>>> print(open('run03.csv').read())   # CSV, C-alpha atoms
chain,number,residue,atom,x,y,z
A,163,MET,CA,86.4,-162.1,-126.9
A,164,PHE,CA,83.5,-162.5,-124.5
A,165,ASN,CA,82.7,-166.0,-123.4
A,166,SER,CA,79.1,-167.1,-122.8
A,167,HIS,CA,79.4,-166.5,-119.1
A,168,SER,CA,80.5,-162.9,-119.5
A,169,TYR,CA,77.7,-162.3,-122.0
A,170,ILE,CA,75.1,-163.6,-119.5
A,171,VAL,CA,76.4,-161.3,-116.8
A,172,ILE,CA,76.3,-158.2,-119.0
A,173,VAL,CA,72.7,-159.0,-120.0
A,174,LEU,CA,71.6,-159.4,-116.4
A,175,LEU,CA,73.2,-156.1,-115.4
A,176,ALA,CA,71.5,-154.4,-118.3
A,177,ILE,CA,68.1,-155.8,-117.2
A,178,ILE,CA,68.6,-154.7,-113.6
A,179,ALA,CA,69.6,-151.2,-114.7
A,180,SER,CA,66.6,-151.0,-116.9
A,181,ILE,CA,64.3,-152.0,-114.0
A,182,SER,CA,65.9,-149.5,-111.7
A,183,ALA,CA,65.5,-146.7,-114.2
A,184,CYS,CA,61.8,-147.5,-114.7
A,185,SER,CA,60.8,-147.9,-111.1
A,186,PRO,CA,60.7,-144.2,-110.1
A,187,ASN,CA,58.4,-143.4,-113.1
A,188,ASN,CA,56.1,-146.2,-112.1
A,189,THR,CA,55.9,-144.9,-108.6
A,190,SER,CA,55.3,-141.4,-109.9
A,191,ASN,CA,52.5,-142.6,-112.1
A,192,SER,CA,50.9,-144.4,-109.3
A,193,ASN,CA,51.0,-141.4,-107.0
A,194,ASN,CA,49.5,-139.2,-109.8
A,195,LEU,CA,46.6,-141.6,-110.3
A,196,GLU,CA,45.9,-141.7,-106.6
A,197,SER,CA,46.0,-137.9,-106.5
A,198,LYS,CA,43.5,-137.6,-109.3
A,199,LEU,CA,41.2,-140.0,-107.6
A,200,ASP,CA,41.4,-138.0,-104.4
A,201,ILE,CA,40.7,-134.8,-106.3
A,202,ASN,CA,37.8,-136.2,-108.2
A,203,THR,CA,36.3,-137.7,-105.0
A,204,PHE,CA,36.6,-134.3,-103.2
A,205,GLN,CA,35.1,-132.4,-106.1
A,206,SER,CA,32.2,-134.8,-106.4
A,207,SER,CA,31.6,-134.4,-102.6
A,208,VAL,CA,31.6,-130.6,-102.8
A,209,LYS,CA,29.3,-130.6,-105.8
A,210,GLU,CA,26.8,-132.9,-104.1
A,211,ASP,CA,26.9,-130.7,-101.0
A,212,VAL,CA,26.2,-127.5,-103.0
A,213,ASN,CA,23.2,-129.2,-104.6
A,214,VAL,CA,21.6,-130.2,-101.3
A,215,SER,CA,22.2,-127.0,-99.3
A,216,ILE,CA,22.3,-123.2,-100.0
A,217,PRO,CA,25.3,-121.3,-98.6
A,218,ASP,CA,24.6,-118.4,-96.2
A,219,GLY,CA,23.7,-115.2,-97.9
A,220,ILE,CA,20.9,-113.0,-99.5
A,221,TYR,CA,19.7,-114.2,-102.9
A,222,PHE,CA,17.5,-112.0,-105.2
A,223,SER,CA,15.1,-113.0,-108.0
A,224,TYR,CA,17.1,-111.1,-110.6
A,225,LYS,CA,15.6,-112.7,-113.7
A,226,ARG,CA,12.3,-114.1,-115.0
A,227,CYS,CA,12.1,-115.9,-118.3
A,228,ASP,CA,9.1,-117.1,-120.3
A,229,LEU,CA,8.9,-120.3,-122.3
A,230,GLU,CA,10.5,-118.7,-125.4
A,231,GLU,CA,13.4,-117.7,-123.1
A,232,ASN,CA,12.5,-114.0,-123.3
A,233,CYS,CA,13.9,-112.7,-120.0
A,234,LYS,CA,13.3,-109.6,-117.9
A,235,GLY,CA,15.9,-108.5,-115.3
A,236,PHE,CA,15.2,-107.0,-111.9
A,237,LYS,CA,17.3,-105.0,-109.5
A,238,PRO,CA,17.1,-105.3,-105.7
A,239,GLU,CA,16.1,-102.4,-103.5
A,240,LYS,CA,19.2,-101.3,-101.5
A,241,VAL,CA,19.3,-98.5,-98.9
A,242,ASP,CA,22.3,-97.8,-96.8
A,243,GLY,CA,23.8,-101.2,-97.5
A,244,MET,CA,20.6,-103.1,-96.5
A,245,TYR,CA,18.2,-104.9,-98.8
A,246,TYR,CA,14.4,-104.3,-98.7
A,247,LEU,CA,11.1,-105.3,-100.2
A,248,SER,CA,9.6,-102.1,-101.5
A,249,SER,CA,5.9,-101.5,-102.2
A,250,ASN,CA,6.9,-98.8,-104.6
A,251,GLN,CA,8.1,-101.3,-107.2
A,252,ASP,CA,6.4,-101.6,-110.7
A,253,SER,CA,2.9,-102.8,-110.6
A,254,ASN,CA,2.2,-106.5,-111.2
A,255,GLU,CA,5.9,-107.4,-111.0
A,256,SER,CA,6.7,-110.0,-108.3
A,257,ILE,CA,10.1,-110.0,-106.6
A,258,TYR,CA,11.6,-112.4,-104.1
A,259,TYR,CA,14.5,-112.7,-101.8
A,260,LEU,CA,16.0,-115.8,-100.1
A,261,LEU,CA,17.7,-115.4,-96.8
A,262,VAL,CA,20.0,-118.2,-95.6
A,263,LYS,CA,21.7,-117.9,-92.3
A,264,ASN,CA,23.0,-120.6,-89.9
A,265,ASN,CA,21.2,-123.3,-91.8
A,266,LYS,CA,17.9,-121.5,-91.5
A,267,TYR,CA,16.0,-120.5,-94.7
A,268,TYR,CA,13.5,-117.7,-95.3
A,269,ILE,CA,11.7,-116.4,-98.3
A,270,TYR,CA,10.6,-112.7,-98.7
A,271,SER,CA,8.1,-111.8,-101.4
A,272,LEU,CA,6.3,-108.8,-102.8
A,273,GLN,CA,3.5,-109.6,-105.2
A,274,PHE,CA,0.3,-108.0,-106.6
A,275,LEU,CA,-2.3,-110.5,-105.7
A,276,ASP,CA,-5.6,-108.6,-105.2
A,277,GLU,CA,-7.9,-107.0,-107.8
A,278,ASP,CA,-6.7,-103.5,-107.0
A,279,LEU,CA,-3.0,-104.6,-107.7
A,280,ARG,CA,-2.0,-103.6,-104.2
A,281,ALA,CA,1.3,-104.8,-103.1
A,282,VAL,CA,1.2,-107.8,-100.8
A,283,GLY,CA,4.5,-108.3,-98.9
A,284,SER,CA,5.4,-111.2,-96.7
A,285,TRP,CA,8.1,-113.4,-95.2
A,286,SER,CA,8.1,-117.1,-94.4
A,287,GLN,CA,10.4,-119.7,-92.9
A,288,MET,CA,11.2,-122.6,-95.2
A,289,HIS,CA,11.8,-126.0,-93.6
A,290,LYS,CA,14.1,-128.4,-95.4
A,291,ILE,CA,12.3,-131.7,-96.1
A,292,ASP,CA,14.7,-133.7,-98.2
A,293,SER,CA,18.3,-134.3,-97.5
A,294,THR,CA,19.0,-135.3,-101.2
A,295,ASP,CA,17.8,-132.0,-102.9
A,296,LEU,CA,16.7,-128.5,-102.2
A,297,SER,CA,13.0,-129.1,-101.3
A,298,PHE,CA,11.4,-127.0,-98.6
A,299,LYS,CA,8.0,-126.9,-96.9
A,300,ILE,CA,6.3,-123.6,-95.9
A,301,LYS,CA,3.7,-124.0,-93.1
A,302,SER,CA,2.7,-120.4,-92.6
A,303,ILE,CA,3.2,-117.0,-94.2
A,304,GLU,CA,3.6,-113.8,-92.3
A,305,GLN,CA,2.0,-111.0,-94.4
A,306,VAL,CA,3.2,-107.6,-93.4
A,307,ILE,CA,2.4,-105.3,-96.3
A,308,GLY,CA,-0.9,-104.8,-98.2
A,309,SER,CA,-4.5,-105.7,-97.8
A,310,ASP,CA,-5.2,-109.1,-96.2
A,311,TYR,CA,-4.5,-111.9,-98.7
A,312,LEU,CA,-7.4,-114.0,-97.3
A,313,ALA,CA,-9.8,-111.1,-97.9
A,314,ARG,CA,-10.7,-110.6,-94.2
A,315,TYR,CA,-11.5,-107.0,-94.9
A,316,ASP,CA,-14.1,-106.7,-92.1
A,317,ASP,CA,-11.3,-107.3,-89.5
A,318,SER,CA,-10.4,-103.7,-88.7
A,319,ASN,CA,-7.8,-104.7,-86.2
A,320,LEU,CA,-6.1,-106.9,-88.7
A,321,ASN,CA,-6.0,-104.3,-91.4
A,322,ASN,CA,-4.7,-101.6,-89.0
A,323,LYS,CA,-2.0,-104.1,-88.1
A,324,LEU,CA,-1.0,-104.5,-91.7
A,325,ASP,CA,-1.0,-100.8,-92.3
A,326,THR,CA,1.5,-100.2,-89.5
A,327,SER,CA,3.6,-103.4,-89.6
A,328,SER,CA,5.9,-102.0,-92.3
A,329,ASN,CA,7.5,-98.6,-92.0
A,330,GLU,CA,6.1,-95.4,-93.6
A,331,SER,CA,8.1,-95.8,-96.8
A,332,GLY,CA,6.6,-99.2,-97.5
A,333,LEU,CA,9.9,-101.0,-97.0
A,334,LEU,CA,10.5,-104.4,-95.3
A,335,LYS,CA,14.1,-105.1,-94.5
A,336,ILE,CA,15.4,-108.5,-95.5
A,337,GLY,CA,16.2,-110.2,-92.3
A,338,SER,CA,13.4,-108.6,-90.3
A,339,LEU,CA,10.9,-111.0,-88.8
A,340,VAL,CA,8.3,-108.5,-88.0
A,341,GLU,CA,4.9,-109.9,-86.9
A,342,GLY,CA,2.0,-109.4,-89.3
A,343,SER,CA,-1.0,-111.4,-90.3
A,344,GLU,CA,-0.3,-115.2,-90.2
A,345,LEU,CA,-1.6,-117.1,-93.2
A,346,PRO,CA,-1.7,-120.9,-92.7
A,347,THR,CA,-0.6,-122.9,-95.8
A,348,ASN,CA,1.0,-126.1,-97.0
A,349,GLU,CA,3.4,-125.1,-99.8
A,350,THR,CA,6.3,-127.1,-101.2
A,351,ILE,CA,9.1,-125.3,-103.1
A,352,ARG,CA,12.1,-127.0,-104.7
A,353,PHE,CA,15.1,-125.2,-106.1
A,354,ILE,CA,17.5,-126.3,-108.8
A,355,ARG,CA,21.2,-125.3,-108.8
A,356,THR,CA,22.2,-123.3,-111.9
A,357,ASN,CA,25.6,-122.0,-113.1
A,358,ASP,CA,25.3,-118.7,-111.0
A,359,GLY,CA,22.5,-119.4,-108.5
A,360,TYR,CA,19.2,-121.2,-108.2
A,361,GLN,CA,16.0,-121.7,-110.1
A,362,VAL,CA,12.5,-122.5,-108.9
A,363,ASP,CA,11.5,-126.0,-110.0
A,364,CYS,CA,8.1,-125.1,-111.5
A,365,ASN,CA,7.2,-128.6,-112.6
A,366,ASN,CA,7.6,-129.9,-109.1
A,367,TYR,CA,5.8,-126.8,-107.7
A,368,ILE,CA,2.7,-127.4,-109.8
A,369,ASP,CA,2.7,-131.2,-109.0
A,370,GLU,CA,2.8,-130.4,-105.3
A,371,TYR,CA,0.2,-127.7,-105.7
A,372,GLU,CA,-2.3,-130.1,-107.3
A,373,LYS,CA,-1.9,-132.5,-104.4
A,374,VAL,CA,-3.1,-130.0,-101.8
A,375,VAL,CA,-5.2,-127.3,-103.6
A,376,ASP,CA,-8.7,-128.8,-102.9
A,377,GLN,CA,-8.0,-129.4,-99.3
A,378,LEU,CA,-6.5,-126.0,-98.6
A,379,VAL,CA,-9.3,-124.2,-100.4
A,380,LYS,CA,-11.9,-126.0,-98.2
A,381,GLN,CA,-9.9,-125.0,-95.1
A,382,ASN,CA,-9.6,-121.4,-96.2
A,383,ARG,CA,-5.8,-121.6,-96.2
A,384,ALA,CA,-3.4,-119.9,-98.6
A,385,VAL,CA,-2.6,-122.0,-101.6
A,386,GLY,CA,0.0,-121.5,-104.3
A,387,TYR,CA,1.0,-118.3,-102.6
A,388,HIS,CA,4.5,-117.7,-103.9
A,389,PHE,CA,5.0,-119.1,-107.3
A,390,TYR,CA,1.7,-120.6,-108.7
A,391,TYR,CA,1.0,-117.6,-111.0
A,392,GLU,CA,4.5,-117.6,-112.4
A,393,CYS,CA,4.7,-121.4,-112.8
A,394,ALA,CA,1.2,-121.8,-114.2
A,395,ASN,CA,2.2,-119.3,-116.9
A,396,ARG,CA,5.3,-121.3,-117.6
A,397,ASN,CA,7.7,-118.7,-116.4
A,398,SER,CA,11.1,-119.4,-114.8
A,399,ILE,CA,12.3,-117.6,-111.7
A,400,PHE,CA,16.1,-117.3,-111.1
A,401,PHE,CA,17.9,-116.3,-108.0
A,402,ARG,CA,21.5,-115.3,-107.4
A,403,ILE,CA,23.5,-114.0,-104.4
A,404,VAL,CA,23.6,-110.3,-103.7
A,405,SER,CA,25.2,-110.3,-100.3
>>> encode(input="run03.csv", output="structure tokens")
Amino acid sequence: MFNSHSYIVIVLLAIIASISACSPNNTSNSNNLESKLDINTFQSSVKEDVNVSIPDGIYFSYKRCDLEENCKGFKPEKVDGMYYLSSNQDSNESIYYLLVKNNKYYIYSLQFLDEDLRAVGSWSQMHKIDSTDLSFKIKSIEQVIGSDYLARYDDSNLNNKLDTSSNESGLLKIGSLVEGSELPTNETIRFIRTNDGYQVDCNNYIDEYEKVVDQLVKQNRAVGYHFYYECANRNSIFFRIVS
């Protein structure tokens, strides 16, 4: 028969064995929790970075949707592996490219802005103005295709320059910084990250437009050049990477 002393020893040994058996699991659970915290912190950091910068590449305005979410798709002009603005696109259909390279941002656009629906093609450098989102400022527009946007039709030298600044087929290569007619402006564009690319923040665009429109008109500067028509008509413009 066991005496009381033997019973106490057996109980103590059982408790020690139980603690030893549980210890590895506790350590494992602690390590797993730390790993999950590390992963979540890393993922959060990456997500934030994606929302405040756009990775290098060429992005195309592949889709436009109206307020009822009726959407129209567009295809980029590609020749020999290079992307272009083409003045031969469908009339009254605006297309855009974003070019991001080495932390520099450019927007290329082809729109039909004059009464004769002649294509007006241009490029502009976008300067990042907010480290917390994708807001950019455009200070000038380099028009290289079409009749002069500011209607300086009496300037024969300017119009000859526009006629010859793009090549004979009416193409402007994305990445080309060819000199054309410089249009001064003060335009703010903010983009929103989507599941597969970026979208123009039209609410912000209209708000920023209204802040400067009167002053820019008085100064005969370009105003609402890129997205006013689309945003005022409550359309949404979507970009995704093509190269």
>>> residues_around(input="run03.csv", residues="Thr356 in chain A", least_positions_apart="4", cutoff="10 Å", atoms="all atoms listed in the file", output="PyMOL selection string")
chain A and resi 213+360-361+400-402
>>> atom_distance(input="run03.csv", atom1="CA of Ile336 in chain A", atom2="CA of Tyr221 in chain A")
10.3 Å
>>> atom_distance(input="run03.csv", atom1="CA of Ser215 in chain A", atom2="CA of Asn395 in chain A")
27.7 Å
>>> atom_distance(input="run03.csv", atom1="CA of Gly342 in chain A", atom2="CA of Ser248 in chain A")
16.1 Å
>>> closest_residue(input="run03.csv", among="A:Val362, A:Val379, A:Val374, A:Leu296", to="Cys227 in chain A", atoms="all atoms listed in the file")
A:Val362
>>> closest_residue(input="run03.csv", among="A:Phe298, A:Tyr267, A:Trp285, A:Tyr391", to="Glu341 in chain A", atoms="all atoms listed in the file")
A:Trp285
>>> closest_residue(input="run03.csv", among="A:Val306, A:Val282, A:Leu247, A:Leu229", to="His388 in chain A", atoms="all atoms listed in the file")
A:Val282
>>> residues_around(input="run03.csv", residues="Ser286 in chain A", least_positions_apart="4", cutoff="8 Å", atoms="all atoms listed in the file", output="list in words")
Tyr268, Ile269, Tyr270, Ile300, Ser302, Ile303 and Glu304 of chain A
>>> closest_residue(input="run03.csv", among="A:Asp376, A:Asn357, A:Thr350, A:Ile403", to="Ile291 in chain A", atoms="all atoms listed in the file")
A:Thr350
>>> closest_residue(input="run03.csv", among="A:Lys237, A:Val375, A:Lys299, A:Leu333", to="Ala281 in chain A", atoms="only C-alpha atoms")
A:Leu333
>>> closest_residue(input="run03.csv", among="A:Pro346, A:Asp242, A:Asn264, A:Ser284", to="Leu378 in chain A", atoms="all atoms listed in the file")
A:Pro346
